[in-house]
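Shown below: my_file_13.cif, with mmCIF, C-alpha atoms.
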data_structure
loop_
_atom_site.label_atom_id
_atom_site.label_comp_id
_atom_site.auth_asym_id
_atom_site.auth_seq_id
_atom_site.Cartn_x
_atom_site.Cartn_y
_atom_site.Cartn_z
CA MET A 67 -32.75 -0.60 55.03
CA LEU A 68 -32.49 -1.34 58.76
CA LYS A 69 -34.14 -4.73 58.18
CA HIS A 70 -31.36 -5.67 55.77
CA TYR A 71 -28.77 -4.58 58.31
CA ILE A 72 -30.36 -6.69 61.05
CA SER A 73 -30.61 -9.66 58.71
CA TRP A 74 -26.92 -9.27 57.79
CA GLN A 75 -25.92 -9.14 61.44
CA ILE A 76 -27.93 -12.26 62.26
CA ARG A 77 -26.33 -14.20 59.41
CA LYS A 78 -22.93 -13.04 60.62
CA TRP A 79 -23.58 -14.03 64.25
CA TRP A 80 -25.22 -17.43 63.87
CA PRO A 81 -21.95 -19.30 64.74
CA MET A 82 -22.13 -17.69 68.19
CA LEU A 83 -25.58 -19.21 68.68
CA LEU A 84 -24.23 -22.61 67.67
CA ILE A 85 -21.20 -22.40 69.95
CA PHE A 86 -23.15 -21.13 72.96
CA SER A 87 -25.86 -23.74 72.45
CA ILE A 88 -23.31 -26.55 72.34
CA ILE A 89 -21.53 -25.34 75.50
CA LEU A 90 -24.75 -24.92 77.48
CA THR A 91 -26.31 -28.12 76.17
CA VAL A 92 -23.26 -30.19 77.10
CA THR A 93 -23.38 -28.60 80.55
CA ALA A 94 -27.07 -29.43 81.03
CA LEU A 95 -26.76 -32.97 79.67
CA TYR A 96 -23.72 -33.72 81.80
CA THR A 97 -25.52 -32.50 84.92
CA ASN A 98 -28.70 -34.47 84.25
CA ALA A 99 -26.90 -37.60 83.05
CA PHE A 100 -25.22 -38.15 86.43
CA THR A 101 -27.79 -36.78 88.86
CA THR A 102 -29.27 -39.28 91.31
CA MET A 103 -32.87 -40.22 90.53
CA ALA A 104 -33.54 -42.37 93.60
CA VAL A 105 -32.79 -42.16 97.29
CA ARG A 106 -31.47 -45.33 98.96
CA TYR A 107 -32.69 -46.69 102.29
CA TYR A 108 -31.17 -49.65 104.09
CA ASP A 109 -32.97 -52.10 106.37
CA ASN A 110 -31.71 -51.86 109.96
CA GLY A 111 -33.94 -54.72 111.07
CA SER A 112 -36.98 -52.73 112.09
CA GLU A 113 -37.29 -49.98 109.48
CA TYR A 114 -35.70 -48.49 106.43
CA VAL A 115 -33.26 -45.68 107.25
CA PRO A 116 -31.92 -43.14 104.71
CA TYR A 117 -28.65 -44.40 103.30
CA TYR A 118 -27.92 -41.87 100.65
CA SER A 119 -27.89 -38.08 100.86
CA PHE A 120 -30.18 -35.94 98.72
CA GLY A 121 -27.17 -33.74 97.98
CA SER A 122 -26.22 -35.50 94.75
CA THR A 123 -29.62 -34.77 93.24
CA THR A 124 -29.66 -31.55 91.24
CA SER A 125 -31.47 -29.96 88.33
CA ASN A 126 -29.64 -28.39 85.42
CA MET A 127 -30.40 -24.82 86.54
CA PRO A 128 -27.35 -24.14 88.76
CA SER A 129 -24.91 -25.29 86.09
CA LEU A 130 -26.78 -23.42 83.35
CA PHE A 131 -26.80 -20.29 85.49
CA ILE A 132 -23.06 -20.33 86.23
CA VAL A 133 -22.04 -21.10 82.65
CA GLY A 134 -24.56 -18.55 81.36
CA LEU A 135 -23.00 -15.84 83.54
CA VAL A 136 -19.57 -16.61 82.08
CA LEU A 137 -20.89 -16.59 78.51
CA SER A 138 -22.58 -13.24 79.14
CA LEU A 139 -19.12 -11.77 79.80
CA VAL A 140 -17.87 -13.09 76.47
CA MET A 141 -20.93 -11.90 74.58
CA SER A 142 -20.73 -8.37 76.01
CA LEU A 143 -17.15 -8.04 74.75
CA PHE A 144 -18.19 -9.38 71.35
CA VAL A 145 -21.10 -6.93 71.07
CA PHE A 146 -18.80 -3.92 71.41
CA SER A 147 -15.83 -5.37 69.53
CA TYR A 148 -16.54 -3.03 66.61
CA ARG A 149 -15.14 -0.15 68.68
CA THR A 150 -11.75 -1.73 69.22
CA ARG A 151 -10.55 -2.41 65.66
CA ARG A 152 -9.42 0.39 63.34
CA GLN A 153 -10.97 -1.20 60.28
CA SER A 154 -14.39 -1.68 61.84
CA VAL A 155 -14.43 1.72 63.56
CA ASP A 156 -14.48 3.56 60.23
CA VAL A 157 -17.06 1.18 58.76
CA PHE A 158 -19.51 1.36 61.65
CA TYR A 159 -19.24 5.05 62.43
CA GLN A 160 -19.63 6.05 58.78
CA ALA A 161 -22.61 3.77 58.19
CA ALA A 162 -26.02 5.09 57.22
CA TYR A 163 -27.29 4.45 60.75
CA ALA A 164 -26.75 6.44 63.91
CA PRO A 165 -24.09 4.99 66.24
CA THR A 166 -26.75 4.46 68.91
CA THR A 167 -28.84 2.43 66.46
CA ILE A 168 -25.89 0.18 65.70
CA LYS A 169 -25.30 -0.32 69.41
CA ARG A 170 -28.97 -1.19 70.03
CA VAL A 171 -29.11 -3.70 67.19
CA ARG A 172 -25.93 -5.50 68.27
CA LEU A 173 -26.98 -5.41 71.92
CA LEU A 174 -30.40 -6.97 71.28
CA ILE A 175 -29.06 -9.59 68.85
CA GLY A 176 -26.47 -10.61 71.45
CA LEU A 177 -29.18 -10.86 74.10
CA ALA A 178 -31.36 -12.98 71.81
CA ILE A 179 -28.47 -15.34 71.02
CA LEU A 180 -27.59 -15.79 74.70
CA LEU A 181 -31.16 -16.44 75.82
CA LEU A 182 -32.06 -18.65 72.85
CA SER A 183 -29.01 -20.85 73.46
CA MET A 184 -30.05 -21.17 77.11
CA LEU A 185 -33.57 -22.16 76.06
CA ILE A 186 -32.24 -24.83 73.68
CA ALA A 187 -29.98 -26.25 76.39
CA PHE A 188 -32.82 -26.23 78.93
CA LEU A 189 -35.22 -28.08 76.62
CA LEU A 190 -32.68 -30.76 75.70
CA GLY A 191 -31.49 -31.13 79.28
CA THR A 192 -35.04 -31.34 80.59
CA THR A 193 -35.86 -34.00 78.01
CA VAL A 194 -33.03 -36.17 79.33
CA PHE A 195 -34.10 -35.44 82.91
CA LEU A 196 -37.70 -36.45 82.18
CA LEU A 197 -36.68 -39.63 80.37
CA ARG A 198 -34.54 -40.70 83.30
CA TYR A 199 -37.25 -39.71 85.77
CA VAL A 200 -40.10 -41.67 84.16
CA SER A 201 -37.87 -44.71 83.62
CA THR A 202 -37.03 -44.82 87.34
CA PRO A 203 -39.49 -46.95 89.36
CA ALA A 204 -41.37 -45.06 92.05
CA GLU A 205 -40.16 -47.61 94.59
CA GLU A 206 -38.29 -50.89 94.45
CA ILE A 207 -36.27 -53.12 96.81
CA LYS A 208 -33.01 -54.77 95.78
CA ASN A 209 -30.74 -56.71 98.13
CA ASN A 210 -32.52 -55.30 101.21
CA ILE A 211 -32.03 -51.76 99.94
CA LYS A 212 -35.10 -49.71 99.10
CA PHE A 213 -34.86 -47.25 96.23
CA VAL A 214 -37.41 -44.40 96.27
CA ARG A 215 -37.64 -42.07 93.27
CA ILE A 216 -36.93 -38.44 94.09
CA SER A 217 -39.90 -36.13 94.47
CA VAL A 218 -39.89 -33.21 92.03
CA HIS A 219 -42.00 -30.06 92.23
CA TRP A 220 -42.35 -29.31 88.53
CA GLY A 221 -43.79 -25.86 89.08
CA MET A 222 -40.65 -24.86 90.98
CA TYR A 223 -38.53 -26.56 88.32
CA PHE A 224 -39.86 -24.32 85.54
CA LEU A 225 -39.92 -21.25 87.80
CA SER A 226 -36.26 -21.86 88.53
CA PHE A 227 -35.45 -21.83 84.82
CA PHE A 228 -37.49 -18.67 84.33
CA LEU A 229 -35.44 -16.94 87.05
CA THR A 230 -32.21 -18.30 85.55
CA PHE A 231 -33.30 -17.04 82.14
CA ILE A 232 -34.08 -13.55 83.47
CA PHE A 233 -31.01 -13.10 85.66
CA VAL A 234 -28.53 -14.24 83.01
CA GLY A 235 -30.09 -11.67 80.67
CA LEU A 236 -29.80 -8.96 83.33
CA HIS A 237 -26.16 -9.87 83.97
CA TYR A 238 -25.49 -9.57 80.26
CA LEU A 239 -27.04 -6.09 80.20
CA ILE A 240 -24.93 -4.96 83.17
CA ASN A 241 -21.80 -6.32 81.48
CA CYS A 242 -22.72 -4.48 78.28
CA PHE A 243 -23.05 -1.26 80.27
CA LEU A 244 -19.54 -1.72 81.68
CA VAL A 245 -17.97 -2.71 78.36
CA SER A 246 -19.64 0.22 76.56
CA LEU A 247 -17.60 2.61 78.73
CA GLY A 248 -14.31 1.40 77.24
CA ASP A 249 -12.64 2.30 73.97
CA TYR A 250 -10.21 -0.56 73.40
CA THR A 251 -10.10 -4.24 74.30
CA PHE A 252 -7.86 -4.10 77.37
CA ASP A 253 -9.81 -1.11 78.64
CA GLN A 254 -13.09 -3.00 78.24
CA ILE A 255 -11.78 -6.13 79.98
CA CYS A 256 -10.51 -4.05 82.92
CA LEU A 257 -13.82 -2.23 83.23
CA LEU A 258 -15.65 -5.55 83.09
CA ILE A 259 -13.56 -7.04 85.90
CA PHE A 260 -13.33 -3.96 88.11
CA GLY A 261 -16.96 -3.05 87.56
CA ASN A 262 -18.24 -6.47 88.58
CA ILE A 263 -16.01 -6.49 91.66
CA PHE A 264 -17.30 -3.09 92.72
CA LEU A 265 -20.95 -3.95 92.12
CA ALA A 266 -20.60 -7.25 94.00
CA LEU A 267 -18.88 -5.71 97.04
CA CYS A 268 -20.03 -2.08 97.24
CA PHE A 269 -22.61 -2.96 99.92
CA THR A 270 -21.19 -6.26 101.09
CA SER A 271 -17.74 -5.09 102.21
CA PRO A 272 -18.90 -2.20 104.45
CA VAL A 273 -21.63 -4.33 106.04
CA ILE A 274 -19.27 -7.21 106.80
CA TYR A 275 -16.57 -4.89 108.14
CA PHE A 276 -18.75 -2.81 110.44
CA ASP A 277 -20.86 -5.79 111.44
CA ALA A 278 -17.72 -7.67 112.48
CA ALA A 279 -16.21 -4.61 114.17
CA LEU A 280 -19.23 -3.31 116.08
CA MET A 281 -20.80 -6.66 116.93
CA LYS A 282 -17.34 -8.11 117.71
CA HIS A 283 -17.72 -11.46 116.00
CA GLY A 284 -15.65 -12.89 113.15
CA VAL A 285 -16.74 -12.61 109.55
CA LEU A 286 -16.39 -16.36 109.01
CA ASN A 287 -19.74 -17.41 110.42
CA ASP A 288 -23.30 -17.88 109.24
CA TYR A 289 -24.11 -14.17 109.56
CA MET A 290 -21.75 -13.22 106.74
CA TRP A 291 -24.04 -14.87 104.19
CA TYR A 292 -26.78 -12.32 104.67
CA PRO A 293 -24.77 -9.15 103.99
CA ALA A 294 -22.96 -11.05 101.21
CA LEU A 295 -26.27 -11.44 99.42
CA TYR A 296 -26.98 -7.72 99.35
CA SER A 297 -25.02 -6.45 96.39
CA LEU A 298 -25.45 -5.23 92.86
CA GLY A 299 -23.60 -8.33 91.69
CA PRO A 300 -25.15 -11.71 90.87
CA VAL A 301 -24.48 -13.12 94.37
CA GLY A 302 -28.13 -12.93 95.43
CA PRO A 303 -29.57 -14.44 92.21
CA VAL A 304 -26.97 -17.23 92.29
CA ALA A 305 -27.89 -18.02 95.89
CA LEU A 306 -31.59 -17.93 95.01
CA VAL A 307 -31.30 -20.34 92.08
CA THR A 308 -28.55 -22.69 93.27
CA THR A 309 -29.76 -23.13 96.87
CA THR A 310 -33.28 -21.93 97.63
CA MET A 311 -34.88 -22.99 94.35
CA GLU A 312 -32.98 -26.28 94.29
CA GLN A 313 -34.32 -27.09 97.75
CA ALA A 314 -37.85 -26.21 96.65
CA ILE A 315 -37.62 -28.27 93.44
CA PHE A 316 -36.83 -31.45 95.34
CA GLN A 317 -39.16 -30.51 98.23
CA ARG A 318 -36.48 -30.26 100.87
CA ASP A 319 -36.52 -27.87 103.81
CA VAL A 320 -35.83 -24.30 102.75
CA ALA A 321 -34.10 -21.87 105.12
CA GLY A 322 -36.69 -19.10 105.32
CA ASP A 323 -34.40 -16.25 106.40
CA PHE A 324 -31.82 -17.14 103.74
CA ALA A 325 -34.54 -17.35 101.07
CA VAL A 326 -35.99 -13.94 102.01
CA ASN A 327 -32.55 -12.31 101.84
CA ALA A 328 -31.88 -13.96 98.47
CA VAL A 329 -35.20 -12.72 97.07
CA VAL A 330 -34.63 -9.15 98.29
CA SER A 331 -31.07 -9.11 96.94
CA SER A 332 -32.24 -10.52 93.60
CA SER A 333 -34.88 -7.79 93.35
CA ILE A 334 -32.22 -5.13 93.92
CA TYR A 335 -30.07 -6.77 91.26
CA ALA A 336 -33.01 -6.77 88.84
CA LEU A 337 -33.36 -3.00 89.25
CA GLY A 338 -29.68 -2.62 88.40
CA GLY A 339 -30.16 -4.71 85.27
CA ILE A 340 -33.16 -2.61 84.19
CA GLY A 341 -31.10 0.54 84.70
CA ALA A 342 -28.32 -0.92 82.54
CA LEU A 343 -30.87 -1.72 79.81
CA ALA A 344 -32.17 1.84 79.89
CA PHE A 345 -28.63 3.22 79.61
CA ASN A 346 -27.73 0.94 76.71
CA LEU A 347 -30.90 1.72 74.77
CA PHE A 348 -31.42 5.41 75.39
CA VAL A 349 -28.08 7.09 76.17
CA PRO A 350 -26.61 8.37 72.87
CA ASP A 351 -23.48 6.64 71.64
CA PRO A 352 -20.37 8.79 71.06
CA SER A 353 -19.78 9.79 67.46
CA GLY A 354 -16.45 8.01 67.20
CA GLU A 355 -13.91 10.64 68.17
CA HIS A 356 -12.90 8.52 71.19
CA ALA A 357 -12.58 5.29 69.23
CA ASP A 358 -9.20 3.51 69.41
CA GLN A 359 -7.88 5.94 72.04
CA ALA A 360 -6.41 4.43 75.19
CA GLY A 361 -7.72 5.45 78.59
CA ALA A 362 -11.06 6.27 80.11
CA ARG A 363 -13.29 8.97 78.65
CA ASN A 364 -13.94 10.86 81.85
CA GLN A 365 -13.16 10.91 85.55
CA ALA A 366 -16.33 8.99 86.44
CA VAL A 367 -15.19 5.99 84.36
CA ALA A 368 -11.69 6.30 85.82
CA MET A 369 -13.17 5.90 89.31
CA ILE A 370 -14.29 2.31 88.61
CA PRO A 371 -10.91 0.61 89.28
CA HIS A 372 -10.41 2.77 92.37
CA GLY A 373 -13.86 1.86 93.62
CA ALA A 374 -13.08 -1.83 93.13
CA ALA A 375 -9.82 -1.44 95.04
CA ALA A 376 -11.59 0.40 97.87
CA VAL A 377 -14.20 -2.31 98.48
CA LEU A 378 -11.57 -5.06 98.18
CA GLY A 379 -9.40 -3.21 100.68
CA MET A 380 -12.29 -2.93 103.14
CA LEU A 381 -13.02 -6.64 102.76
CA MET A 382 -9.34 -7.42 103.38
CA ALA A 383 -9.37 -5.22 106.48
CA ALA A 384 -12.32 -7.22 107.77
CA LEU A 385 -10.07 -10.28 107.81
CA GLY A 386 -8.26 -8.67 110.70
CA LEU A 387 -11.42 -9.18 112.77
CA ILE A 388 -11.32 -12.96 112.55
CA ASN A 389 -10.92 -14.25 116.09
CA ASP A 390 -10.44 -17.92 115.26
CA VAL A 391 -6.69 -17.78 114.54
CA SER A 392 -3.60 -17.29 116.66
CA VAL A 393 -2.33 -13.86 117.68
CA LEU A 394 0.74 -14.29 115.46
CA ALA A 395 -1.33 -15.18 112.40
CA LEU A 396 -3.75 -12.37 113.21
CA SER A 397 -0.84 -9.91 113.04
CA ILE A 398 1.13 -11.30 110.10
CA LEU A 399 -1.59 -12.27 107.61
CA PRO A 400 -3.40 -8.91 107.42
CA ILE A 401 -0.08 -7.01 107.17
CA PHE A 402 1.15 -9.31 104.38
CA GLY A 403 -2.21 -8.99 102.69
CA PHE A 404 -2.06 -5.19 102.91
CA ILE A 405 1.39 -5.07 101.30
CA LEU A 406 0.31 -7.44 98.53
CA PHE A 407 -2.90 -5.45 98.03
CA SER A 408 -0.96 -2.18 97.66
CA VAL A 409 1.54 -3.61 95.17
CA VAL A 410 -1.09 -5.32 93.01
CA TYR A 411 -3.27 -2.21 93.09
CA TYR A 412 -0.37 -0.05 91.84
CA ALA A 413 0.59 -2.61 89.18
CA LEU A 414 -2.95 -2.76 87.82
CA LEU A 415 -3.09 1.04 87.64
CA ALA A 416 0.20 1.01 85.73
CA LEU A 417 -1.26 -1.46 83.24
CA TRP A 418 -4.43 0.62 83.06
CA ARG A 419 -2.44 3.78 82.22
CA HIS A 420 0.34 2.03 80.26
CA SER A 421 2.84 3.83 82.48
CA PHE A 422 4.22 3.59 86.01
CA ARG A 423 4.00 7.40 86.21
CA MET A 424 0.40 7.85 87.26
CA LYS A 425 -1.69 10.93 86.72
CA LYS A 426 -2.34 13.22 89.66
CA PHE A 427 -5.95 12.03 89.91
CA ASP A 428 -4.93 8.36 90.05
CA LEU A 429 -2.18 9.07 92.57
CA ILE A 430 -4.62 10.87 94.89
CA CYS A 431 -7.09 8.00 94.64
CA TYR A 432 -4.33 5.44 95.23
CA VAL A 433 -3.06 7.19 98.36
CA SER A 434 -6.62 7.65 99.66
CA VAL A 435 -7.61 4.02 99.15
CA VAL A 436 -4.36 2.55 100.53
CA GLY A 437 -4.39 4.97 103.47
CA GLY A 438 -8.03 4.25 104.25
CA THR A 439 -7.41 0.51 104.10
CA LEU A 440 -4.44 0.84 106.47
CA VAL A 441 -6.56 2.80 108.97
CA MET A 442 -9.37 0.22 108.86
CA LEU A 443 -6.86 -2.64 109.15
CA THR A 444 -5.17 -1.01 112.14
CA PHE A 445 -8.55 -0.47 113.82
CA ALA A 446 -9.52 -4.09 113.15
CA MET A 447 -6.29 -5.47 114.61
CA ALA A 448 -6.58 -3.21 117.66
CA LEU A 449 -9.93 -4.69 118.72
#
Now that the file is in, can you turn its structure into structure tokens?
Amino acid sequence: MLKHYISWQIRKWWPMLLIFSIILTVTALYTNAFTTMAVRYYDNGSEYVPYYSFGSTTSNMPSLFIVGLVLSLVMSLFVFSYRTRRQSVDVFYQAAYAPTTIKRVRLLIGLAILLLSMLIAFLLGTTVFLLRYVSTPAEEIKNNIKFVRISVHWGMYFLSFFLTFIFVGLHYLINCFLVSLGDYTFDQICLLIFGNIFLALCFTSPVIYFDAALMKHGVLNDYMWYPALYSLGPVGPVALVTTTMEQAIFQRDVAGDFAVNAVVSSSIYALGGIGALAFNLFVPDPSGEHADQAGARNQAVAMIPHGAAAVLGMLMAALGLINDVSVLALSILPIFGFILFSVVYYALLALWRHSFRMKKFDLICYVSVVGGTLVMLTFAMAL
């Protein structure tokens, strides 16, 4: 009977595969259609000197990665949409299958659709890339300008796609974990946004703040990239694919320290994705008594928006450590930012609770986060 259910779900979901494939394929084809296949050198009288930057040469992996991350957000909401409609709640929770089985089937079908659409886009995009590559002469001279075909490391090219393939799947699993904690659409969207903010900044914000405060240098310098990579968000994998791997594909110089940090951060992110997969597959699904009820199920889920506000507040406080602006701007901008942060934070909580009268728990968290941010901001401005 489960086979018939899976078959029914696949027939119902095939338009998603078509839509995702079209979006990703157009992205890949557009990228590869306009990428530069030859580097220009001009004759200065004694030798040929590079005329054109390598920067306009790119594979389709960065664009596929970014668009794939966005589509993973959409797919995660679609996978758990059955919990947010009254009609479907009764149907799914009274089916002959356990709620956890339904969740597993939808989760894995969604993952298969996302990854299969990426594979289709990669194959079509690579076909165009190869056709343009082989039709470009290895070297030719026109009007005293020498055109040299770009050098491609094909092993790195396919490794880059493999990493893109894996990390988009992991991001989807993490998004599914966040969405699964909500009971209605707005709740799920909020958890998706707040959860990703918290995961991306939970390590980054403290490191940047204390690094800037204790080492007494501004956050807007090269050093900020390294702590920015260490997060449970996709920052590290994006940096790995869009910079390090791109440099390796076209055999350019790779910044070793940046690459090492990106690899380590990506490994940490992979562990988070594996944990999300384990949660989605093995933690029992609720029986349905929470379905269509507004609000979070427990205090742990309710901490997610407060955690996101806390790490954003710490990052905002770090702006007070920038020493490249005037004293007036250094005083006004952080204060204005703090006021805006407090108002937006309160407004989002009101939307979250559907009331401007917050619960005691939310009020305590709000006061703690705002107060802590004010203390850190004051300390930063006093340095």
Q: Report the residues retrieved by the PyMOL selection byres ((chain A and resi 308) around 12) from the displayed file, expressed as a ChimeraX atom specification.
A: /A:124-132,223,226-227,229-230,300-307,309-315,325,328
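Against the coordinates shown, the PyMOL selection byres ((chain A and resi 256-266) around 7) returns Asn241, Leu244, Val245, Phe252, Asp253, Gln254, Ile255, Leu267, Cys268, Ser297, Leu298, Gly299, Ile370, Pro371, Gly373, Ala374 and Val377 of chain A.
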Q: Would you please work out which residue, of A:Val234, A:Cys242, A:Ala383, A:Met222, is nearest to Phe144 in chain A when using all atoms listed in the file?
A: A:Cys242
Q: To one decimal in Å, tell me the separation between CA of Phe224 in chain A and CA of Ile85 in chain A.
A: 24.4 Å
Q: May I have the protein, DNA and RNA residues with an atom at most 8 Å from (-29.7, -22.2, 79.8), counting all atoms listed in the file in the file's coordinates, returned as a count of residues only?
A: 17
Q: With all atoms listed in the file counted, which protein, DNA or RNA residues have an atom no more than 12 Å from (-20.3, -7.9, 76.5) in the file frame? Please answer as a ChimeraX atom specification.
A: /A:135-148,169,172-177,180,235-248,251,254-255,257-259,346
Q) Do you know which residues are at most 8 Å from Ile216 in chain A counting all atoms listed in the file, after dropping those on the same chain fewer than 4 positions away, and could you put them as a ChimeraX atom specification? A) /A:103-105,316
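For the residues A:Leu337, A:Leu381, A:Ile89, A:Ile72, ranking by smallest atom-to-atom distance to Ile168 in chain A using all atoms listed in the file places A:Ile72 first.
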For the provided coordinates, the residues matched by the PyMOL selection byres ((chain A and resi 428) around 10) should be stated as a JSON list (two decimals) with C-alpha atoms, in the coordinates of the input.
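Below you can see part14.json, which holds the result:
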[["chain", "number", "residue", "atom", "x", "y", "z"],
["A", 365, "GLN", "CA", -13.16, 10.91, 85.55],
["A", 368, "ALA", "CA", -11.69, 6.30, 85.82],
["A", 369, "MET", "CA", -13.17, 5.90, 89.31],
["A", 371, "PRO", "CA", -10.91, 0.61, 89.28],
["A", 372, "HIS", "CA", -10.41, 2.77, 92.37],
["A", 412, "TYR", "CA", -0.37, -0.05, 91.84],
["A", 415, "LEU", "CA", -3.09, 1.04, 87.64],
["A", 416, "ALA", "CA", 0.20, 1.01, 85.73],
["A", 419, "ARG", "CA", -2.44, 3.78, 82.22],
["A", 423, "ARG", "CA", 4.00, 7.40, 86.21],
["A", 424, "MET", "CA", 0.40, 7.85, 87.26],
["A", 425, "LYS", "CA", -1.69, 10.93, 86.72],
["A", 426, "LYS", "CA", -2.34, 13.22, 89.66],
["A", 427, "PHE", "CA", -5.95, 12.03, 89.91],
["A", 429, "LEU", "CA", -2.18, 9.07, 92.57],
["A", 430, "ILE", "CA", -4.62, 10.87, 94.89],
["A", 431, "CYS", "CA", -7.09, 8.00, 94.64],
["A", 432, "TYR", "CA", -4.33, 5.44, 95.23],
["A", 433, "VAL", "CA", -3.06, 7.19, 98.36],
["A", 434, "SER", "CA", -6.62, 7.65, 99.66]]
Q. Interatomic distance between CA of Ser73 in chain A and CA of Leu347 in chain A?
A. 19.7 Å
(Q) If I take CA of Ile401 in chain A and CA of Ser271 in chain A, how far is one from the other in Å, to one decimal? (A) 18.4 Å
Q: Check the smallest atom-to-atom distance from each of A:Thr97, A:Ser331, A:Thr439, A:Gln75 to Leu378 in chain A using all atoms listed in the file, then report the winner.
A: A:Thr439
Q | Among the residues A:Arg215, A:Ser87, A:Gly339, A:Asp249, the one that comes closest to Arg149 in chain A [using all atoms listed in the file] | A | A:Asp249
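Each of A:Ala336, A:Val410, A:Ala321, A:Leu83 was checked against Leu182 in chain A using all atoms listed in the file; the smallest atom-to-atom distance is that of A:Leu83.
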